[in-house]
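The next block is my_file-v3.csv, given as CSV, C-alpha atoms.
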chain,number,residue,atom,x,y,z
C,52,MET,CA,29.2,21.1,-5.6
C,53,SER,CA,27.7,19.0,-2.8
C,54,VAL,CA,25.3,16.2,-3.5
C,55,GLU,CA,22.5,15.5,-1.0
C,56,PRO,CA,22.3,11.9,0.3
C,57,VAL,CA,18.5,11.9,-0.3
C,58,PRO,CA,17.6,13.4,-3.7
C,59,GLU,CA,15.1,16.2,-3.9
C,60,GLY,CA,11.6,15.0,-4.3
C,61,TYR,CA,12.2,11.7,-2.6
C,62,PRO,CA,11.2,10.6,0.9
C,63,ARG,CA,13.8,8.7,2.9
C,64,VAL,CA,11.9,5.4,2.7
C,65,SER,CA,10.0,4.3,-0.4
C,66,PRO,CA,8.6,0.8,-1.0
C,67,TYR,CA,9.9,-1.0,-4.1
C,68,LEU,CA,7.5,-3.6,-5.5
C,69,TYR,CA,8.2,-6.3,-8.0
C,70,VAL,CA,5.1,-7.5,-9.8
C,71,HIS,CA,4.0,-9.7,-12.7
C,72,ASP,CA,2.6,-7.2,-15.2
C,73,ALA,CA,3.9,-3.9,-13.9
C,74,ALA,CA,2.0,-1.9,-16.5
C,75,ALA,CA,-1.3,-3.3,-15.1
C,76,ALA,CA,-0.1,-2.6,-11.5
C,77,VAL,CA,0.6,1.1,-12.5
C,78,ASP,CA,-3.0,1.3,-13.8
C,79,PHE,CA,-4.4,-0.4,-10.6
C,80,TYR,CA,-2.5,1.9,-8.3
C,81,ARG,CA,-3.6,5.0,-10.4
C,82,ASP,CA,-7.3,3.9,-10.5
C,83,VAL,CA,-7.5,2.7,-6.8
C,84,LEU,CA,-5.1,4.9,-4.9
C,85,GLY,CA,-4.9,8.0,-7.1
C,86,ALA,CA,-1.2,7.3,-7.8
C,87,VAL,CA,0.5,9.6,-10.4
C,88,GLU,CA,3.1,8.1,-12.6
C,89,ARG,CA,6.3,10.2,-12.8
C,90,VAL,CA,8.8,7.8,-14.3
C,91,ARG,CA,8.6,4.7,-16.5
C,92,MET,CA,11.8,3.1,-17.8
C,93,PRO,CA,11.4,0.3,-20.3
C,94,GLY,CA,13.0,-3.1,-19.7
C,95,PRO,CA,13.8,-6.0,-22.0
C,96,GLY,CA,10.9,-7.8,-23.6
C,97,GLY,CA,8.4,-5.0,-23.2
C,98,ARG,CA,8.6,-5.1,-19.4
C,99,ILE,CA,8.9,-2.2,-17.1
C,100,GLY,CA,12.4,-2.0,-15.8
C,101,HIS,CA,11.6,0.7,-13.3
C,102,ALA,CA,8.6,3.0,-12.6
C,103,GLU,CA,7.9,5.6,-10.0
C,104,LEU,CA,4.5,6.7,-8.7
C,105,THR,CA,3.5,9.3,-6.3
C,106,ILE,CA,0.7,8.9,-3.8
C,107,GLY,CA,0.4,12.2,-2.0
C,108,GLU,CA,4.0,13.0,-0.8
C,109,SER,CA,5.1,9.4,-1.0
C,110,VAL,CA,6.9,7.6,-3.7
C,111,LEU,CA,6.2,4.0,-4.7
C,112,MET,CA,8.7,2.3,-7.0
C,113,LEU,CA,8.0,-0.8,-9.0
C,114,ALA,CA,9.2,-3.0,-11.8
C,115,ASP,CA,8.2,-6.2,-13.5
C,116,GLU,CA,9.7,-9.4,-12.2
C,117,PHE,CA,13.2,-10.3,-13.4
C,118,PRO,CA,13.8,-13.9,-12.2
C,119,ASP,CA,17.3,-13.9,-13.6
C,120,MET,CA,18.1,-11.0,-11.2
C,121,ASP,CA,16.2,-12.7,-8.3
C,122,ALA,CA,13.6,-9.9,-8.5
C,123,LEU,CA,10.4,-11.8,-7.8
C,124,GLY,CA,6.9,-10.7,-6.9
C,125,PRO,CA,4.7,-12.1,-4.1
C,126,ARG,CA,2.7,-14.3,-6.5
C,127,THR,CA,5.9,-16.1,-7.6
C,128,VAL,CA,7.2,-16.6,-4.1
C,129,GLY,CA,3.9,-17.6,-2.5
C,130,GLY,CA,2.7,-14.4,-0.9
C,131,SER,CA,4.0,-11.4,1.0
C,132,PRO,CA,4.5,-10.9,4.8
C,133,VAL,CA,4.5,-7.1,4.2
C,134,THR,CA,1.5,-4.8,4.4
C,135,ILE,CA,1.7,-1.2,3.0
C,136,PHE,CA,-0.3,1.3,5.0
C,137,VAL,CA,-1.7,4.3,3.2
C,138,TYR,CA,-3.9,7.1,4.5
C,139,VAL,CA,-6.5,8.2,2.0
C,140,GLU,CA,-9.3,10.8,1.9
C,141,ASP,CA,-12.2,8.3,1.7
C,142,VAL,CA,-11.3,4.8,2.9
C,143,ASP,CA,-14.7,3.3,2.0
C,144,ASP,CA,-14.4,4.5,-1.6
C,145,VAL,CA,-10.8,3.3,-2.0
C,146,HIS,CA,-11.5,-0.1,-0.5
C,147,ALA,CA,-14.6,-0.5,-2.7
C,148,ARG,CA,-12.6,0.5,-5.9
C,149,ALA,CA,-9.8,-1.9,-5.0
C,150,LEU,CA,-12.3,-4.8,-4.7
C,151,ALA,CA,-14.1,-3.8,-7.9
C,152,ALA,CA,-10.7,-3.8,-9.6
C,153,GLY,CA,-9.8,-7.3,-8.6
C,154,ALA,CA,-8.3,-7.1,-5.1
C,155,ARG,CA,-9.1,-9.7,-2.5
C,156,GLU,CA,-10.5,-8.3,0.8
C,157,LEU,CA,-8.4,-9.1,3.8
C,158,SER,CA,-10.4,-7.1,6.3
C,159,PRO,CA,-13.6,-5.0,5.8
C,160,VAL,CA,-13.6,-1.3,6.4
C,161,LYS,CA,-14.5,-0.5,10.0
C,162,ASP,CA,-13.9,2.1,12.7
C,163,GLN,CA,-10.9,1.2,14.8
C,164,PHE,CA,-10.3,2.1,18.5
C,165,TYR,CA,-7.4,4.3,17.7
C,166,GLY,CA,-9.4,6.8,15.7
C,167,ASP,CA,-8.9,5.5,12.1
C,168,ARG,CA,-11.5,3.9,9.8
C,169,SER,CA,-9.6,1.2,7.9
C,170,GLY,CA,-9.7,-2.0,5.9
C,171,GLY,CA,-7.3,-4.2,4.1
C,172,PHE,CA,-6.9,-5.9,0.7
C,173,GLU,CA,-4.5,-7.9,-1.4
C,174,ASP,CA,-4.0,-6.4,-4.8
C,175,PRO,CA,-4.2,-8.5,-7.9
C,176,PHE,CA,-0.4,-8.7,-7.9
C,177,GLY,CA,-0.1,-10.2,-4.4
C,178,HIS,CA,0.8,-7.1,-2.4
C,179,ARG,CA,-1.1,-6.4,0.8
C,180,TRP,CA,-2.5,-3.0,1.6
C,181,ASN,CA,-4.1,-1.4,4.6
C,182,VAL,CA,-6.0,1.8,3.7
C,183,ALA,CA,-7.3,4.2,6.3
C,184,THR,CA,-8.9,7.6,6.9
C,185,HIS,CA,-8.3,9.2,10.3
C,186,VAL,CA,-11.7,10.1,11.7
C,187,GLU,CA,-11.1,10.9,15.3
C,188,ASP,CA,-8.3,12.2,17.5
C,189,VAL,CA,-8.0,9.9,20.6
C,190,GLY,CA,-6.1,11.0,23.7
C,191,PRO,CA,-3.7,8.6,25.5
C,192,GLU,CA,-6.1,7.7,28.4
C,193,GLU,CA,-9.0,7.0,26.1
C,194,MET,CA,-6.7,5.1,23.7
C,195,LYS,CA,-5.6,2.8,26.5
C,196,ARG,CA,-9.1,2.2,27.7
C,197,ARG,CA,-10.3,1.4,24.2
C,198,MET,CA,-7.3,-0.8,23.5
C,199,ASP,CA,-7.8,-2.8,26.8
C,200,GLU,CA,-11.5,-3.2,25.9
C,201,ALA,CA,-10.7,-4.3,22.4
C,202,MET,CA,-8.1,-6.8,23.6
C,203,ALA,CA,-10.4,-8.2,26.3
C,204,ALA,CA,-13.1,-8.8,23.7
C,205,GLY,CA,-10.6,-10.8,21.6
C,206,SER,CA,-10.8,-8.3,18.8
C,207,ASP,CA,-8.3,-8.2,16.0
C,208,THR,CA,-8.6,-4.5,15.7
C,209,ALA,CA,-5.2,-3.9,17.1
C,210,ALA,CA,-3.7,-5.0,13.8
C,211,GLY,CA,-5.8,-2.6,11.9
Structure re-expressed in structure tokens:
Amino acid sequence: MSVEPVPEGYPRVSPYLYVHDAAAAVDFYRDVLGAVERVRMPGPGGRIGHAELTIGESVLMLADEFPDMDALGPRTVGGSPVTIFVYVEDVDDVHARALAAGARELSPVKDQFYGDRSGGFEDPFGHRWNVATHVEDVGPEEMKRRMDEAMAAGSDTAAG
């Protein structure tokens, strides 16, 4: 019997988030991003030791902070330099739901030169998200023209 190096039902790369109050984070990701909980393992003191959520075909893993194991969330360490990018069906709706659920807006939703409509937020647990809906296929020549135009205008749209 051979064991596959990547288990069935898992993508090769999955973000793993540590948060203060993982149960609230599961609710937030469910309500805002449409995540579906597939695993929840209890940890000591009523905390979540490990949880797995699916968002489309992606898997998001998370757990409560465990300082004794050096598992700390962004609020504890002073922020996160990482942004998680997620394509969604309706970016305006998802972004609005995130803000209504306590997220802090990092960038408003707007059309981007590369064919996405996107916006960013920091969730109540300190993780940064960029959500987008692809609205236009842009060919290479038009992409270059738009990028040059955006950069010349000093726009920050290249970062999404």
* May I have the residues within 12 Å of C:Gly94 as a list of chain:residue names, using only C-alpha atoms and disregarding those fewer than 2 positions away in the same chain? =>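 My reading of the contact set: C:Ala73, C:Ala74, C:Arg91, C:Met92, C:Gly96, C:Gly97, C:Arg98, C:Ile99, C:Gly100, C:His101, C:Ala102, C:Ala114, C:Asp115, C:Glu116, C:Phe117.
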Atoms kept (C-alpha atoms) for selection, written as a short mmCIF file (atom, residue, chain, number, x, y, z; two decimals), in the frame of the given file:
data_model
loop_
_atom_site.label_atom_id
_atom_site.label_comp_id
_atom_site.auth_asym_id
_atom_site.auth_seq_id
_atom_site.Cartn_x
_atom_site.Cartn_y
_atom_site.Cartn_z
CA ALA C 73 3.90 -3.90 -13.90
CA ALA C 74 2.00 -1.90 -16.50
CA ARG C 91 8.60 4.70 -16.50
CA MET C 92 11.80 3.10 -17.80
CA GLY C 96 10.90 -7.80 -23.60
CA GLY C 97 8.40 -5.00 -23.20
CA ARG C 98 8.60 -5.10 -19.40
CA ILE C 99 8.90 -2.20 -17.10
CA GLY C 100 12.40 -2.00 -15.80
CA HIS C 101 11.60 0.70 -13.30
CA ALA C 102 8.60 3.00 -12.60
CA ALA C 114 9.20 -3.00 -11.80
CA ASP C 115 8.20 -6.20 -13.50
CA GLU C 116 9.70 -9.40 -12.20
CA PHE C 117 13.20 -10.30 -13.40
#
* Go through C:Arg168, C:Lys195, C:His146, C:Arg126 one by one, measure the shortest atom-to-atom distance of each to C:Leu68 using all atoms listed in the file, and give the residue with the smallest value. =>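 Counting all atoms listed in the file, the residue closest to C:Leu68 is C:Arg126.
Using only C-alpha atoms, the nearest neighbour of C:Ala201 within the list C:Gly171, C:Ser53, C:Gln163, C:Val139 is C:Gln163.
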* Atomic distance atom CA of C:Gly129 - atom CA of C:Pro93, expressed in Å with one decimal ->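 Separating atom CA of C:Gly129 from atom CA of C:Pro93 is a distance of 26.3 Å.
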* Asked: Counting all atoms listed in the file, which of C:Val90, C:Ala122, C:Leu84, C:Met194 gets nearest to C:Gly107?
  -> C:Leu84
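Using all atoms listed in the file, the smallest distance between any of C:Asp143, C:Asp82, C:Glu108, C:Glu187 and C:Lys161 comes from C:Asp143.
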* **Gap from atom CA of C:Ala86 to atom CA of C:Met112 - Å, one decimal** => 11.1 Å
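In this model, the gap between atom CA of C:Trp180 and atom CA of C:Met202 comes to 23.0 Å.
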* Cut-off 7 Å around (-12.2, 8.0, 9.7) with only C-alpha atoms: residues as a ChimeraX atom specification -> /C:162,166-168,184-187
* To do: Go through C:Leu157, C:Met198, C:Leu111, C:Tyr138 one by one, measure the shortest atom-to-atom distance of each to C:Ala183 using all atoms listed in the file, and give the residue with the smallest value.
  => C:Tyr138
* To do: Find, counting all atoms listed in the file, the residue in C:Ala152, C:Val142, C:Val189, C:Ala147 that gets nearest to C:Phe164.
  =>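 Distance minimum relative to C:Phe164 lands on C:Val189.
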* Could you give me, as a PyMOL selection string, the residues within 10 Å of C:Pro132, counting all atoms listed in the file and dropping anything in the same chain fewer than 4 positions from it? => chain C and resi 125+178-179
* **Local residues around (-3.4, 10.2, -9.1), at most 12 Å away, using all atoms listed in the file, as a PyMOL selection string** => chain C and resi 77-89+104-110+139
Go ahead and write the selection's residues with C-alpha atoms as a CSV table (one decimal), keeping the file's coordinate frame.
chain,number,residue,atom,x,y,z
C,77,VAL,CA,0.6,1.1,-12.5
C,78,ASP,CA,-3.0,1.3,-13.8
C,79,PHE,CA,-4.4,-0.4,-10.6
C,80,TYR,CA,-2.5,1.9,-8.3
C,81,ARG,CA,-3.6,5.0,-10.4
C,82,ASP,CA,-7.3,3.9,-10.5
C,83,VAL,CA,-7.5,2.7,-6.8
C,84,LEU,CA,-5.1,4.9,-4.9
C,85,GLY,CA,-4.9,8.0,-7.1
C,86,ALA,CA,-1.2,7.3,-7.8
C,87,VAL,CA,0.5,9.6,-10.4
C,88,GLU,CA,3.1,8.1,-12.6
C,89,ARG,CA,6.3,10.2,-12.8
C,104,LEU,CA,4.5,6.7,-8.7
C,105,THR,CA,3.5,9.3,-6.3
C,106,ILE,CA,0.7,8.9,-3.8
C,107,GLY,CA,0.4,12.2,-2.0
C,108,GLU,CA,4.0,13.0,-0.8
C,109,SER,CA,5.1,9.4,-1.0
C,110,VAL,CA,6.9,7.6,-3.7
C,139,VAL,CA,-6.5,8.2,2.0
Just write stretch 71-145 of chain C with C-alpha atoms, as a CSV table (one decimal), in the first residue's frame, taken from the block above.
chain,number,residue,atom,x,y,z
C,71,HIS,CA,-7.0,34.8,19.5
C,72,ASP,CA,-10.6,33.3,19.7
C,73,ALA,CA,-10.5,30.7,16.9
C,74,ALA,CA,-14.2,29.9,17.4
C,75,ALA,CA,-15.1,33.5,16.5
C,76,ALA,CA,-12.7,33.4,13.6
C,77,VAL,CA,-14.5,30.3,12.2
C,78,ASP,CA,-17.8,32.1,12.4
C,79,PHE,CA,-16.3,35.2,10.7
C,80,TYR,CA,-14.8,33.2,7.8
C,81,ARG,CA,-18.1,31.3,7.5
C,82,ASP,CA,-20.3,34.4,7.5
C,83,VAL,CA,-18.0,36.6,5.3
C,84,LEU,CA,-16.2,34.2,3.0
C,85,GLY,CA,-18.7,31.4,2.9
C,86,ALA,CA,-16.2,29.0,4.5
C,87,VAL,CA,-17.4,25.5,5.4
C,88,GLU,CA,-16.1,23.9,8.6
C,89,ARG,CA,-14.9,20.3,8.0
C,90,VAL,CA,-12.7,19.6,11.0
C,91,ARG,CA,-12.6,21.0,14.6
C,92,MET,CA,-10.3,19.4,17.2
C,93,PRO,CA,-10.6,20.7,20.8
C,94,GLY,CA,-7.5,21.9,22.6
C,95,PRO,CA,-6.8,22.6,26.2
C,96,GLY,CA,-8.9,25.1,28.1
C,97,GLY,CA,-11.8,25.1,25.6
C,98,ARG,CA,-9.6,26.4,22.8
C,99,ILE,CA,-9.5,25.1,19.3
C,100,GLY,CA,-6.4,22.9,18.8
C,101,HIS,CA,-6.9,22.6,15.0
C,102,ALA,CA,-9.7,23.5,12.6
C,103,GLU,CA,-10.1,23.1,8.9
C,104,LEU,CA,-12.3,25.2,6.6
C,105,THR,CA,-12.9,25.0,2.9
C,106,ILE,CA,-13.4,28.0,0.8
C,107,GLY,CA,-14.2,26.7,-2.7
C,108,GLU,CA,-11.5,24.1,-3.4
C,109,SER,CA,-9.1,25.7,-0.9
C,110,VAL,CA,-8.4,24.6,2.6
C,111,LEU,CA,-7.8,27.1,5.4
C,112,MET,CA,-6.4,25.7,8.7
C,113,LEU,CA,-6.5,27.6,12.0
C,114,ALA,CA,-6.1,27.2,15.7
C,115,ASP,CA,-6.2,29.3,18.8
C,116,GLU,CA,-2.9,30.8,20.0
C,117,PHE,CA,-0.7,28.6,22.1
C,118,PRO,CA,2.0,30.9,23.4
C,119,ASP,CA,3.8,28.0,25.1
C,120,MET,CA,4.3,26.5,21.7
C,121,ASP,CA,5.2,29.8,20.1
C,122,ALA,CA,2.0,29.7,18.1
C,123,LEU,CA,1.0,33.4,18.1
C,124,GLY,CA,-1.5,35.4,16.1
C,125,PRO,CA,-0.9,38.8,14.4
C,126,ARG,CA,-2.6,40.8,17.2
C,127,THR,CA,-0.1,39.3,19.7
C,128,VAL,CA,3.0,39.9,17.5
C,129,GLY,CA,2.0,43.4,16.3
C,130,GLY,CA,0.5,42.7,12.9
C,131,SER,CA,1.0,40.5,9.8
C,132,PRO,CA,3.1,41.1,6.7
C,133,VAL,CA,1.0,38.5,4.8
C,134,THR,CA,-2.1,39.0,2.8
C,135,ILE,CA,-4.3,36.1,1.8
C,136,PHE,CA,-5.9,36.6,-1.7
C,137,VAL,CA,-9.3,35.0,-2.3
C,138,TYR,CA,-11.4,35.1,-5.5
C,139,VAL,CA,-15.1,35.4,-4.6
C,140,GLU,CA,-18.4,35.6,-6.6
C,141,ASP,CA,-19.3,39.1,-5.5
C,142,VAL,CA,-16.4,41.2,-4.1
C,143,ASP,CA,-18.6,44.1,-3.2
C,144,ASP,CA,-20.9,41.9,-1.1
C,145,VAL,CA,-18.0,40.1,0.6
